[in-house]
file run22.pdb (PDB, C-alpha atoms)
ATOM      1  CA  MET A 288     117.700 140.342   7.540  1.00  0.00           C
ATOM      2  CA  ARG A 289     120.630 142.398   6.229  1.00  0.00           C
ATOM      3  CA  ILE A 290     124.037 140.749   6.258  1.00  0.00           C
ATOM      4  CA  GLU A 291     127.085 143.004   6.123  1.00  0.00           C
ATOM      5  CA  VAL A 292     129.981 141.658   4.116  1.00  0.00           C
ATOM      6  CA  THR A 293     133.450 143.052   4.733  1.00  0.00           C
ATOM      7  CA  THR A 294     136.067 142.760   2.043  1.00  0.00           C
ATOM      8  CA  ALA A 295     139.804 143.048   2.265  1.00  0.00           C
ATOM      9  CA  LEU A 296     141.393 146.297   1.209  1.00  0.00           C
ATOM     10  CA  SER A 297     143.500 146.279  -1.918  1.00  0.00           C
ATOM     11  CA  HIS A 298     147.188 146.293  -1.032  1.00  0.00           C
ATOM     12  CA  ARG A 299     147.614 149.724  -2.601  1.00  0.00           C
ATOM     13  CA  GLU A 300     144.753 151.133  -0.571  1.00  0.00           C
ATOM     14  CA  LEU A 301     146.147 149.511   2.554  1.00  0.00           C
ATOM     15  CA  LEU A 302     149.550 151.134   2.085  1.00  0.00           C
ATOM     16  CA  GLN A 303     147.867 154.484   1.441  1.00  0.00           C
ATOM     17  CA  ARG A 304     145.977 154.178   4.717  1.00  0.00           C
ATOM     18  CA  ILE A 305     149.184 153.233   6.503  1.00  0.00           C
ATOM     19  CA  GLU A 306     150.853 156.286   4.996  1.00  0.00           C
ATOM     20  CA  ASN A 307     148.154 158.709   6.101  1.00  0.00           C
ATOM     21  CA  LYS A 308     147.706 156.931   9.449  1.00  0.00           C
ATOM     22  CA  SER A 309     144.001 156.326   8.905  1.00  0.00           C
ATOM     23  CA  ILE A 310     144.067 152.633   9.853  1.00  0.00           C
ATOM     24  CA  THR A 311     144.141 151.445  13.464  1.00  0.00           C
ATOM     25  CA  SER A 312     146.218 148.553  14.776  1.00  0.00           C
ATOM     26  CA  GLU A 313     143.044 146.514  15.258  1.00  0.00           C
ATOM     27  CA  GLU A 314     141.851 147.215  11.709  1.00  0.00           C
ATOM     28  CA  LEU A 315     145.261 146.219  10.397  1.00  0.00           C
ATOM     29  CA  LEU A 316     145.101 142.962  12.333  1.00  0.00           C
ATOM     30  CA  GLN A 317     141.695 142.239  10.800  1.00  0.00           C
ATOM     31  CA  GLU A 318     143.123 142.851   7.313  1.00  0.00           C
ATOM     32  CA  VAL A 319     145.870 140.317   8.023  1.00  0.00           C
ATOM     33  CA  LYS A 320     143.269 137.779   9.088  1.00  0.00           C
ATOM     34  CA  LYS A 321     141.247 138.366   5.901  1.00  0.00           C
ATOM     35  CA  ASP A 322     144.164 138.317   3.472  1.00  0.00           C
ATOM     36  CA  SER A 323     147.272 136.218   4.122  1.00  0.00           C
ATOM     37  CA  ASN A 324     149.199 138.246   1.520  1.00  0.00           C
ATOM     38  CA  VAL A 325     148.864 141.501   3.455  1.00  0.00           C
ATOM     39  CA  ILE A 326     152.054 140.933   5.430  1.00  0.00           C
ATOM     40  CA  ALA A 327     154.135 140.490   2.281  1.00  0.00           C
ATOM     41  CA  ALA A 328     152.597 143.672   0.875  1.00  0.00           C
ATOM     42  CA  ILE A 329     153.473 145.642   4.012  1.00  0.00           C
ATOM     43  CA  ILE A 330     157.019 144.267   3.976  1.00  0.00           C
ATOM     44  CA  GLY A 331     157.213 145.515   0.410  1.00  0.00           C
ATOM     45  CA  GLY A 332     156.128 148.903   1.719  1.00  0.00           C
ATOM     46  CA  THR A 333     159.326 149.169   3.765  1.00  0.00           C
ATOM     47  CA  ALA A 334     161.197 149.531   0.462  1.00  0.00           C
ATOM     48  CA  SER A 335     158.991 152.405  -0.715  1.00  0.00           C
ATOM     49  CA  LEU A 336     160.616 155.643  -1.834  1.00  0.00           C
ATOM     50  CA  LYS A 337     157.912 157.488   0.078  1.00  0.00           C
ATOM     51  CA  PRO A 338     158.979 157.951   3.730  1.00  0.00           C
ATOM     52  CA  GLY A 339     155.396 157.848   4.973  1.00  0.00           C
ATOM     53  CA  ILE A 340     154.836 154.389   3.498  1.00  0.00           C
ATOM     54  CA  ARG A 341     158.328 153.158   4.369  1.00  0.00           C
ATOM     55  CA  TYR A 342     158.221 154.106   8.036  1.00  0.00           C
ATOM     56  CA  GLY A 343     154.492 153.509   8.417  1.00  0.00           C
ATOM     57  CA  SER A 344     154.905 149.988   7.081  1.00  0.00           C
ATOM     58  CA  SER A 345     157.739 149.173   9.465  1.00  0.00           C
ATOM     59  CA  LYS A 346     155.699 150.525  12.394  1.00  0.00           C
ATOM     60  CA  ALA A 347     152.705 148.453  11.268  1.00  0.00           C
ATOM     61  CA  LEU A 348     154.863 145.329  11.130  1.00  0.00           C
ATOM     62  CA  MET A 349     156.182 146.056  14.607  1.00  0.00           C
ATOM     63  CA  ASP A 350     152.630 146.322  15.938  1.00  0.00           C
ATOM     64  CA  LEU A 351     151.616 143.103  14.177  1.00  0.00           C
ATOM     65  CA  SER A 352     154.659 141.253  15.517  1.00  0.00           C
ATOM     66  CA  GLY A 353     153.381 141.903  19.014  1.00  0.00           C
ATOM     67  CA  ALA A 354     149.754 141.048  18.220  1.00  0.00           C
ATOM     68  CA  CYS A 355     150.224 137.984  15.992  1.00  0.00           C
ATOM     69  CA  PRO A 356     153.890 136.875  15.913  1.00  0.00           C
ATOM     70  CA  GLU A 357     153.011 133.492  14.477  1.00  0.00           C
ATOM     71  CA  ARG A 358     151.702 135.152  11.294  1.00  0.00           C
ATOM     72  CA  LEU A 359     154.868 137.188  10.811  1.00  0.00           C
ATOM     73  CA  TYR A 360     157.298 134.398  11.644  1.00  0.00           C
ATOM     74  CA  PRO A 361     157.382 132.942   8.088  1.00  0.00           C
ATOM     75  CA  PHE A 362     158.919 136.291   7.049  1.00  0.00           C
ATOM     76  CA  MET A 363     161.679 136.239   9.660  1.00  0.00           C
ATOM     77  CA  ASP A 364     164.397 136.406   6.993  1.00  0.00           C
ATOM     78  CA  SER A 365     162.897 139.631   5.645  1.00  0.00           C
ATOM     79  CA  PHE A 366     163.116 141.239   9.077  1.00  0.00           C
ATOM     80  CA  THR A 367     166.685 140.053   9.470  1.00  0.00           C
ATOM     81  CA  ALA A 368     167.447 141.722   6.140  1.00  0.00           C
ATOM     82  CA  LEU A 369     166.015 144.991   7.478  1.00  0.00           C
ATOM     83  CA  LEU A 370     168.802 145.032  10.065  1.00  0.00           C
ATOM     84  CA  GLY A 371     171.049 146.015   7.178  1.00  0.00           C
ATOM     85  CA  SER A 372     168.889 148.966   6.122  1.00  0.00           C
ATOM     86  CA  LYS A 373     170.474 152.378   5.665  1.00  0.00           C
ATOM     87  CA  TYR A 374     167.433 153.827   7.426  1.00  0.00           C
ATOM     88  CA  ARG A 375     167.909 153.725  11.186  1.00  0.00           C
ATOM     89  CA  ILE A 376     164.174 153.722  11.950  1.00  0.00           C
ATOM     90  CA  LEU A 377     163.780 150.528   9.935  1.00  0.00           C
ATOM     91  CA  VAL A 378     166.650 148.982  11.894  1.00  0.00           C
ATOM     92  CA  TRP A 379     165.089 150.008  15.222  1.00  0.00           C
ATOM     93  CA  ASN A 380     161.730 148.521  14.265  1.00  0.00           C
ATOM     94  CA  ALA A 381     163.385 145.358  12.939  1.00  0.00           C
ATOM     95  CA  LEU A 382     165.159 144.902  16.286  1.00  0.00           C
ATOM     96  CA  ALA A 383     161.763 145.051  18.011  1.00  0.00           C
ATOM     97  CA  ILE A 384     160.048 142.775  15.494  1.00  0.00           C
ATOM     98  CA  ILE A 385     162.727 140.098  15.770  1.00  0.00           C
ATOM     99  CA  ALA A 386     162.505 140.232  19.573  1.00  0.00           C
ATOM    100  CA  ASN A 387     158.725 139.761  19.399  1.00  0.00           C
ATOM    101  CA  LEU A 388     159.162 136.736  17.140  1.00  0.00           C
ATOM    102  CA  ALA A 389     161.624 135.013  19.482  1.00  0.00           C
ATOM    103  CA  LYS A 390     158.864 133.195  21.350  1.00  0.00           C
ATOM    104  CA  VAL A 391     157.594 131.529  18.160  1.00  0.00           C
ATOM    105  CA  ASP A 392     161.027 130.868  16.645  1.00  0.00           C
ATOM    106  CA  GLU A 393     160.696 127.102  16.377  1.00  0.00           C
ATOM    107  CA  ASN A 394     163.462 126.880  13.776  1.00  0.00           C
ATOM    108  CA  LYS A 395     165.931 128.823  15.949  1.00  0.00           C
ATOM    109  CA  LYS A 396     166.534 131.432  13.291  1.00  0.00           C
ATOM    110  CA  PHE A 397     167.402 133.998  15.932  1.00  0.00           C
ATOM    111  CA  ASP A 398     170.175 131.738  17.198  1.00  0.00           C
ATOM    112  CA  ASP A 399     171.828 132.042  13.794  1.00  0.00           C
ATOM    113  CA  ILE A 400     171.773 135.838  13.926  1.00  0.00           C
ATOM    114  CA  PHE A 401     172.566 136.234  17.631  1.00  0.00           C
ATOM    115  CA  ASP A 402     175.963 137.800  16.983  1.00  0.00           C
ATOM    116  CA  LYS A 403     174.541 140.094  14.305  1.00  0.00           C
ATOM    117  CA  TYR A 404     171.759 141.253  16.608  1.00  0.00           C
ATOM    118  CA  TYR A 405     174.090 142.046  19.475  1.00  0.00           C
ATOM    119  CA  SER A 406     176.632 143.700  17.207  1.00  0.00           C
ATOM    120  CA  PHE A 407     174.256 146.675  17.443  1.00  0.00           C
ATOM    121  CA  LEU A 408     175.540 147.245  20.971  1.00  0.00           C
ATOM    122  CA  ASP A 409     178.569 148.703  19.207  1.00  0.00           C
ATOM    123  CA  ASP A 410     176.499 151.036  17.036  1.00  0.00           C
ATOM    124  CA  PRO A 411     177.482 154.726  17.243  1.00  0.00           C
ATOM    125  CA  TYR A 412     173.860 155.835  17.793  1.00  0.00           C
ATOM    126  CA  MET A 413     172.371 155.753  21.274  1.00  0.00           C
ATOM    127  CA  VAL A 414     168.846 154.859  20.149  1.00  0.00           C
ATOM    128  CA  THR A 415     170.087 151.779  18.281  1.00  0.00           C
ATOM    129  CA  VAL A 416     171.997 150.515  21.300  1.00  0.00           C
ATOM    130  CA  ALA A 417     169.103 151.288  23.644  1.00  0.00           C
ATOM    131  CA  ASN A 418     166.682 149.392  21.402  1.00  0.00           C
ATOM    132  CA  THR A 419     168.961 146.366  21.406  1.00  0.00           C
ATOM    133  CA  VAL A 420     169.196 146.386  25.204  1.00  0.00           C
ATOM    134  CA  GLY A 421     165.540 147.192  25.739  1.00  0.00           C
ATOM    135  CA  ASN A 422     164.298 144.308  23.587  1.00  0.00           C
ATOM    136  CA  SER A 423     166.576 141.736  25.204  1.00  0.00           C
ATOM    137  CA  ALA A 424     164.186 140.616  27.939  1.00  0.00           C
ATOM    138  CA  LYS A 425     161.622 139.575  25.295  1.00  0.00           C
ATOM    139  CA  ILE A 426     164.247 137.483  23.552  1.00  0.00           C
ATOM    140  CA  ALA A 427     165.383 135.931  26.816  1.00  0.00           C
ATOM    141  CA  PHE A 428     161.853 134.923  27.801  1.00  0.00           C
ATOM    142  CA  GLY A 429     161.282 133.442  24.360  1.00  0.00           C
ATOM    143  CA  LYS A 430     164.612 131.624  24.450  1.00  0.00           C
ATOM    144  CA  PRO A 431     165.550 130.974  28.085  1.00  0.00           C
ATOM    145  CA  TYR A 432     168.532 128.841  27.044  1.00  0.00           C
ATOM    146  CA  LEU A 433     170.120 132.028  25.670  1.00  0.00           C
ATOM    147  CA  ILE A 434     169.739 134.073  28.865  1.00  0.00           C
ATOM    148  CA  ASP A 435     173.359 133.760  29.972  1.00  0.00           C
ATOM    149  CA  ARG A 436     174.658 134.714  26.530  1.00  0.00           C
ATOM    150  CA  ILE A 437     172.317 137.691  26.488  1.00  0.00           C
ATOM    151  CA  VAL A 438     173.423 138.769  29.953  1.00  0.00           C
ATOM    152  CA  ASN A 439     177.062 138.592  28.896  1.00  0.00           C
ATOM    153  CA  GLU A 440     176.275 140.903  26.004  1.00  0.00           C
ATOM    154  CA  LEU A 441     174.361 143.397  28.124  1.00  0.00           C
ATOM    155  CA  LEU A 442     177.188 143.605  30.641  1.00  0.00           C
ATOM    156  CA  ARG A 443     179.295 145.069  27.832  1.00  0.00           C
ATOM    157  CA  VAL A 444     177.326 148.313  27.759  1.00  0.00           C
ATOM    158  CA  GLU A 445     179.417 150.005  30.435  1.00  0.00           C
ATOM    159  CA  ASN A 446     182.389 149.760  28.074  1.00  0.00           C
ATOM    160  CA  ILE A 447     180.799 151.006  24.854  1.00  0.00           C
ATOM    161  CA  ALA A 448     182.606 153.812  23.064  1.00  0.00           C
ATOM    162  CA  ILE A 449     181.616 157.456  23.203  1.00  0.00           C
ATOM    163  CA  THR A 450     180.692 158.987  19.826  1.00  0.00           C
ATOM    164  CA  SER A 451     179.184 162.231  18.605  1.00  0.00           C
ATOM    165  CA  HIS A 452     175.779 160.499  18.824  1.00  0.00           C
ATOM    166  CA  LEU A 453     176.442 158.608  22.060  1.00  0.00           C
ATOM    167  CA  THR A 454     177.564 160.753  24.982  1.00  0.00           C
ATOM    168  CA  GLU A 455     178.312 159.856  28.587  1.00  0.00           C
ATOM    169  CA  GLU A 456     174.717 160.723  29.423  1.00  0.00           C
ATOM    170  CA  CYS A 457     173.567 158.448  26.602  1.00  0.00           C
ATOM    171  CA  LYS A 458     175.606 155.666  28.163  1.00  0.00           C
ATOM    172  CA  ARG A 459     173.713 156.210  31.405  1.00  0.00           C
ATOM    173  CA  VAL A 460     170.406 155.917  29.530  1.00  0.00           C
ATOM    174  CA  ILE A 461     171.604 152.637  28.043  1.00  0.00           C
ATOM    175  CA  ALA A 462     172.807 151.394  31.441  1.00  0.00           C
ATOM    176  CA  GLU A 463     169.341 152.159  32.807  1.00  0.00           C
ATOM    177  CA  LYS A 464     167.837 149.951  30.100  1.00  0.00           C
ATOM    178  CA  ALA A 465     170.275 147.193  31.081  1.00  0.00           C
ATOM    179  CA  VAL A 466     169.315 147.463  34.774  1.00  0.00           C
ATOM    180  CA  GLU A 467     165.653 147.190  33.780  1.00  0.00           C
ATOM    181  CA  SER A 468     166.385 144.053  31.746  1.00  0.00           C
ATOM    182  CA  PHE A 469     168.425 142.507  34.559  1.00  0.00           C
ATOM    183  CA  ASP A 470     165.623 143.263  37.006  1.00  0.00           C
ATOM    184  CA  ILE A 471     163.158 141.343  34.834  1.00  0.00           C
ATOM    185  CA  LEU A 472     165.484 138.409  34.220  1.00  0.00           C
ATOM    186  CA  PHE A 473     167.337 138.185  37.525  1.00  0.00           C
ATOM    187  CA  ASP A 474     165.746 134.993  38.856  1.00  0.00           C
ATOM    188  CA  GLU A 475     166.818 133.129  35.696  1.00  0.00           C
ATOM    189  CA  ILE A 476     170.373 134.501  35.545  1.00  0.00           C
ATOM    190  CA  GLN A 477     173.163 132.121  36.524  1.00  0.00           C
ATOM    191  CA  ASP A 478     175.978 134.595  37.145  1.00  0.00           C
ATOM    192  CA  LYS A 479     174.108 136.868  39.523  1.00  0.00           C
ATOM    193  CA  ASP A 480     177.274 138.246  41.145  1.00  0.00           C
ATOM    194  CA  ARG A 481     178.419 139.974  37.952  1.00  0.00           C
ATOM    195  CA  VAL A 482     174.994 141.492  37.445  1.00  0.00           C
ATOM    196  CA  VAL A 483     174.822 142.733  41.032  1.00  0.00           C
ATOM    197  CA  LEU A 484     178.281 144.283  40.686  1.00  0.00           C
ATOM    198  CA  PHE A 485     177.151 146.011  37.479  1.00  0.00           C
ATOM    199  CA  VAL A 486     174.055 147.432  39.167  1.00  0.00           C
ATOM    200  CA  LYS A 487     175.989 148.573  42.245  1.00  0.00           C
ATOM    201  CA  GLY A 488     178.179 150.628  39.962  1.00  0.00           C
ATOM    202  CA  TYR A 489     175.223 152.936  39.255  1.00  0.00           C
ATOM    203  CA  VAL A 490     173.975 153.552  42.788  1.00  0.00           C
ATOM    204  CA  GLY A 491     175.788 156.872  42.799  1.00  0.00           C
ATOM    205  CA  SER A 492     174.884 157.816  39.221  1.00  0.00           C
ATOM    206  CA  SER A 493     174.268 161.461  38.357  1.00  0.00           C
ATOM    207  CA  ARG A 494     171.218 160.300  36.369  1.00  0.00           C
ATOM    208  CA  LYS A 495     168.405 160.223  38.913  1.00  0.00           C
ATOM    209  CA  THR A 496     166.239 157.578  37.251  1.00  0.00           C
ATOM    210  CA  LEU A 497     169.218 155.259  36.796  1.00  0.00           C
ATOM    211  CA  ARG A 498     170.288 155.779  40.409  1.00  0.00           C
ATOM    212  CA  LEU A 499     166.789 155.052  41.712  1.00  0.00           C
ATOM    213  CA  LYS A 500     166.399 151.927  39.573  1.00  0.00           C
ATOM    214  CA  ALA A 501     169.758 150.617  40.722  1.00  0.00           C
ATOM    215  CA  GLU A 502     168.799 151.239  44.347  1.00  0.00           C
ATOM    216  CA  SER A 503     165.400 149.604  43.846  1.00  0.00           C
ATOM    217  CA  PHE A 504     167.002 146.578  42.170  1.00  0.00           C
ATOM    218  CA  LEU A 505     169.291 146.014  45.166  1.00  0.00           C
ATOM    219  CA  LYS A 506     166.656 146.774  47.815  1.00  0.00           C
ATOM    220  CA  LYS A 507     164.250 144.303  46.223  1.00  0.00           C
ATOM    221  CA  ARG A 508     166.852 141.580  46.760  1.00  0.00           C
ATOM    222  CA  GLY A 509     168.082 142.669  50.155  1.00  0.00           C
ATOM    223  CA  ILE A 510     171.515 143.620  48.805  1.00  0.00           C
ATOM    224  CA  GLU A 511     173.462 146.449  50.406  1.00  0.00           C
ATOM    225  CA  PRO A 512     174.873 149.015  47.975  1.00  0.00           C
ATOM    226  CA  ILE A 513     178.600 149.700  47.922  1.00  0.00           C
ATOM    227  CA  GLN A 514     179.468 152.118  50.714  1.00  0.00           C
ATOM    228  CA  ASP A 515     181.979 154.968  50.227  1.00  0.00           C
TER     229      ASP A 515
END
call {"tool": "encode", "arguments": {"input": "run22.pdb", "output": "structure tokens"}}
result
Amino acid sequence: MRIEVTTALSHRELLQRIENKSITSEELLQEVKKDSNVIAAIIGGTASLKPGIRYGSSKALMDLSGACPERLYPFMDSFTALLGSKYRILVWNALAIIANLAKVDENKKFDDIFDKYYSFLDDPYMVTVANTVGNSAKIAFGKPYLIDRIVNELLRVENIAITSHLTEECKRVIAEKAVESFDILFDEIQDKDRVVLFVKGYVGSSRKTLRLKAESFLKKRGIEPIQD
């Protein structure tokens, strides 16, 4: 009987496959299971001078954080450090990774960086702000005792500043993300009146998807929209 033996890829080969996108998420997960040092190697890849390795590694880590957060949690400080990267894609992926790790954050490391995380609501780039808002429900479910603090932060989005990379329409996209988060979290929110008032403010939005989501949010809860 023939027995097939699989061996772990060398870390160099792994990063090459990440760069040329020839490794699947499932294959990557299997490599992590075979070699506990793979995660550290991929984190090292985020510092590569080669964009393909740098961005591929951060995407791989984001995928792994969803599939096996407990394996990435020991490296939480490394992901927090990525929030300070000069590369926006690394910051966006770090925001997602940290949100995925919230449910296994037994040492409450996220609590220590709460203000840093939500400082990205004041970022001049729409995608950064939208990522912060969009990942908030994951954090809230992982840390229900932080829900009210998170809600207070998300309510700030209607007052964020306009920049050359964040237009009025961008603000509507961000508000839509906030409505989606509030819809998911509503049953656990203490100050429901403020959230309802926020959502009502977008019933007449010029952005169709935002308007429809605001209307759906209110209809689901039997709340009448503000009448002109």
call {"tool": "closest_residue", "arguments": {"input": "run22.pdb", "among": "A:Asp478, A:Glu440, A:Val414, A:Tyr432", "to": "Val460 (chain A)", "atoms": "only C-alpha atoms"}}
result
A:Val414
call {"tool": "atom_distance", "arguments": {"input": "run22.pdb", "atom1": "CA of Leu369 (chain A)", "atom2": "CA of Ala334 (chain A)"}}
result
9.6 Å
call {"tool": "axis_aligned_box", "arguments": {"input": "run22.pdb", "around": "region 322-326 of chain A", "padding_each_side": "4 Å", "output": "AutoDock Vina command-line options"}}
result
--center_x 148.1 --center_y 138.9 --center_z 3.5 --size_x 15.9 --size_y 13.3 --size_z 11.9
call {"tool": "resolve_selection", "arguments": {"input": "run22.pdb", "expression": "the PyMOL selection byres ((chain A and resi 485-492) around 8)", "output": "ChimeraX atom specification"}}
result
/A:442,466,481-484,493-495,497-499,501-502,504-505,512-513
call {"tool": "resolve_selection", "arguments": {"input": "run22.pdb", "expression": "the PyMOL selection byres ((chain A and resi 399-405) around 12)", "output": "JSON, numbers by chain"}}
result
{"A": [363, 364, 366, 367, 368, 369, 370, 371, 378, 379, 381, 382, 383, 384, 385, 386, 389, 392, 394, 395, 396, 397, 398, 406, 407, 408, 409, 410, 415, 416, 417, 418, 419, 420, 421, 422, 423, 426, 427, 430, 433, 434, 436, 437, 438, 439, 440, 441, 442, 443, 444]}
call {"tool": "resolve_selection", "arguments": {"input": "run22.pdb", "expression": "the PyMOL selection byres ((chain A and resi 312-324) around 8)", "output": "ChimeraX atom specification"}}
result
/A:294-296,310-311,325-328,347,350-351,354
call {"tool": "write_last_selection", "arguments": {"input": "run22.pdb", "atoms": "C-alpha atoms", "output": "PDB file, in the coordinates of the input"}}
result
ATOM      1  CA  THR A 294     136.067 142.760   2.043  1.00  0.00           C
ATOM      2  CA  ALA A 295     139.804 143.048   2.265  1.00  0.00           C
ATOM      3  CA  LEU A 296     141.393 146.297   1.209  1.00  0.00           C
ATOM      4  CA  ILE A 310     144.067 152.633   9.853  1.00  0.00           C
ATOM      5  CA  THR A 311     144.141 151.445  13.464  1.00  0.00           C
ATOM      6  CA  VAL A 325     148.864 141.501   3.455  1.00  0.00           C
ATOM      7  CA  ILE A 326     152.054 140.933   5.430  1.00  0.00           C
ATOM      8  CA  ALA A 327     154.135 140.490   2.281  1.00  0.00           C
ATOM      9  CA  ALA A 328     152.597 143.672   0.875  1.00  0.00           C
ATOM     10  CA  ALA A 347     152.705 148.453  11.268  1.00  0.00           C
ATOM     11  CA  ASP A 350     152.630 146.322  15.938  1.00  0.00           C
ATOM     12  CA  LEU A 351     151.616 143.103  14.177  1.00  0.00           C
ATOM     13  CA  ALA A 354     149.754 141.048  18.220  1.00  0.00           C
TER      14      ALA A 354
END
call {"tool": "atom_distance", "arguments": {"input": "run22.pdb", "atom1": "CA of Ile476 (chain A)", "atom2": "CA of Lys458 (chain A)"}}
result
23.0 Å
call {"tool": "closest_residue", "arguments": {"input": "run22.pdb", "among": "A:Ser503, A:Thr496, A:Thr333, A:Thr450", "to": "Ile305 (chain A)", "atoms": "all atoms listed in the file"}}
result
A:Thr333
call {"tool": "atom_distance", "arguments": {"input": "run22.pdb", "atom1": "CA of Asn446 (chain A)", "atom2": "CA of Pro411 (chain A)"}}
result
12.9 Å
call {"tool": "closest_residue", "arguments": {"input": "run22.pdb", "among": "A:Tyr412, A:Phe428, A:Tyr342, A:Phe469", "to": "Ile376 (chain A)", "atoms": "only C-alpha atoms"}}
result
A:Tyr342
call {"tool": "closest_residue", "arguments": {"input": "run22.pdb", "among": "A:Lys390, A:Lys308, A:Lys425, A:Lys464", "to": "Leu359 (chain A)", "atoms": "all atoms listed in the file"}}
result
A:Lys390
call {"tool": "build_atoms", "arguments": {"input": "run22.pdb", "residues": "region 478-500 of chain A", "atoms": "N, CA and C atoms", "output": "PDB file, in the coordinates of the input"}}
result
ATOM      1  N   ASP A 478     174.890 133.821  36.547  1.00  0.00           N
ATOM      2  CA  ASP A 478     175.978 134.595  37.145  1.00  0.00           C
ATOM      3  C   ASP A 478     175.426 135.883  37.754  1.00  0.00           C
ATOM      4  N   LYS A 479     174.748 135.721  38.883  1.00  0.00           N
ATOM      5  CA  LYS A 479     174.108 136.868  39.523  1.00  0.00           C
ATOM      6  C   LYS A 479     175.125 137.850  40.083  1.00  0.00           C
ATOM      7  N   ASP A 480     176.279 137.366  40.521  1.00  0.00           N
ATOM      8  CA  ASP A 480     177.274 138.246  41.145  1.00  0.00           C
ATOM      9  C   ASP A 480     177.741 139.335  40.184  1.00  0.00           C
ATOM     10  N   ARG A 481     177.968 138.975  38.931  1.00  0.00           N
ATOM     11  CA  ARG A 481     178.419 139.974  37.952  1.00  0.00           C
ATOM     12  C   ARG A 481     177.335 141.017  37.694  1.00  0.00           C
ATOM     13  N   VAL A 482     176.101 140.562  37.673  1.00  0.00           N
ATOM     14  CA  VAL A 482     174.994 141.492  37.445  1.00  0.00           C
ATOM     15  C   VAL A 482     174.847 142.439  38.629  1.00  0.00           C
ATOM     16  N   VAL A 483     174.928 141.897  39.836  1.00  0.00           N
ATOM     17  CA  VAL A 483     174.822 142.733  41.032  1.00  0.00           C
ATOM     18  C   VAL A 483     175.942 143.775  41.057  1.00  0.00           C
ATOM     19  N   LEU A 484     177.151 143.359  40.717  1.00  0.00           N
ATOM     20  CA  LEU A 484     178.281 144.283  40.686  1.00  0.00           C
ATOM     21  C   LEU A 484     178.043 145.397  39.666  1.00  0.00           C
ATOM     22  N   PHE A 485     177.487 145.032  38.513  1.00  0.00           N
ATOM     23  CA  PHE A 485     177.151 146.011  37.479  1.00  0.00           C
ATOM     24  C   PHE A 485     176.163 147.032  38.031  1.00  0.00           C
ATOM     25  N   VAL A 486     175.100 146.545  38.653  1.00  0.00           N
ATOM     26  CA  VAL A 486     174.055 147.432  39.167  1.00  0.00           C
ATOM     27  C   VAL A 486     174.596 148.325  40.277  1.00  0.00           C
ATOM     28  N   LYS A 487     175.415 147.773  41.161  1.00  0.00           N
ATOM     29  CA  LYS A 487     175.989 148.573  42.245  1.00  0.00           C
ATOM     30  C   LYS A 487     176.799 149.746  41.719  1.00  0.00           C
ATOM     31  N   GLY A 488     177.376 149.568  40.547  1.00  0.00           N
ATOM     32  CA  GLY A 488     178.179 150.628  39.962  1.00  0.00           C
ATOM     33  C   GLY A 488     177.397 151.878  39.608  1.00  0.00           C
ATOM     34  N   TYR A 489     176.048 151.790  39.637  1.00  0.00           N
ATOM     35  CA  TYR A 489     175.223 152.936  39.255  1.00  0.00           C
ATOM     36  C   TYR A 489     174.414 153.499  40.412  1.00  0.00           C
ATOM     37  N   VAL A 490     174.690 153.036  41.616  1.00  0.00           N
ATOM     38  CA  VAL A 490     173.975 153.552  42.788  1.00  0.00           C
ATOM     39  C   VAL A 490     174.254 155.035  42.993  1.00  0.00           C
ATOM     40  N   GLY A 491     175.450 155.464  42.653  1.00  0.00           N
ATOM     41  CA  GLY A 491     175.788 156.872  42.799  1.00  0.00           C
ATOM     42  C   GLY A 491     175.694 157.661  41.511  1.00  0.00           C
ATOM     43  N   SER A 492     174.958 157.163  40.522  1.00  0.00           N
ATOM     44  CA  SER A 492     174.884 157.816  39.221  1.00  0.00           C
ATOM     45  C   SER A 492     174.302 159.221  39.299  1.00  0.00           C
ATOM     46  N   SER A 493     174.802 160.095  38.442  1.00  0.00           N
ATOM     47  CA  SER A 493     174.268 161.461  38.357  1.00  0.00           C
ATOM     48  C   SER A 493     172.894 161.488  37.678  1.00  0.00           C
ATOM     49  N   ARG A 494     172.537 160.395  37.007  1.00  0.00           N
ATOM     50  CA  ARG A 494     171.218 160.300  36.369  1.00  0.00           C
ATOM     51  C   ARG A 494     170.232 159.757  37.407  1.00  0.00           C
ATOM     52  N   LYS A 495     169.287 160.572  37.805  1.00  0.00           N
ATOM     53  CA  LYS A 495     168.405 160.223  38.913  1.00  0.00           C
ATOM     54  C   LYS A 495     167.644 158.931  38.679  1.00  0.00           C
ATOM     55  N   THR A 496     167.053 158.776  37.498  1.00  0.00           N
ATOM     56  CA  THR A 496     166.239 157.578  37.251  1.00  0.00           C
ATOM     57  C   THR A 496     167.092 156.314  37.270  1.00  0.00           C
ATOM     58  N   LEU A 497     168.315 156.399  36.763  1.00  0.00           N
ATOM     59  CA  LEU A 497     169.218 155.259  36.796  1.00  0.00           C
ATOM     60  C   LEU A 497     169.593 154.935  38.238  1.00  0.00           C
ATOM     61  N   ARG A 498     169.920 155.977  39.003  1.00  0.00           N
ATOM     62  CA  ARG A 498     170.288 155.779  40.409  1.00  0.00           C
ATOM     63  C   ARG A 498     169.151 155.111  41.194  1.00  0.00           C
ATOM     64  N   LEU A 499     167.940 155.593  40.985  1.00  0.00           N
ATOM     65  CA  LEU A 499     166.789 155.052  41.712  1.00  0.00           C
ATOM     66  C   LEU A 499     166.493 153.610  41.305  1.00  0.00           C
ATOM     67  N   LYS A 500     166.649 153.298  40.024  1.00  0.00           N
ATOM     68  CA  LYS A 500     166.399 151.927  39.573  1.00  0.00           C
ATOM     69  C   LYS A 500     167.453 150.970  40.094  1.00  0.00           C
TER      70      LYS A 500
END
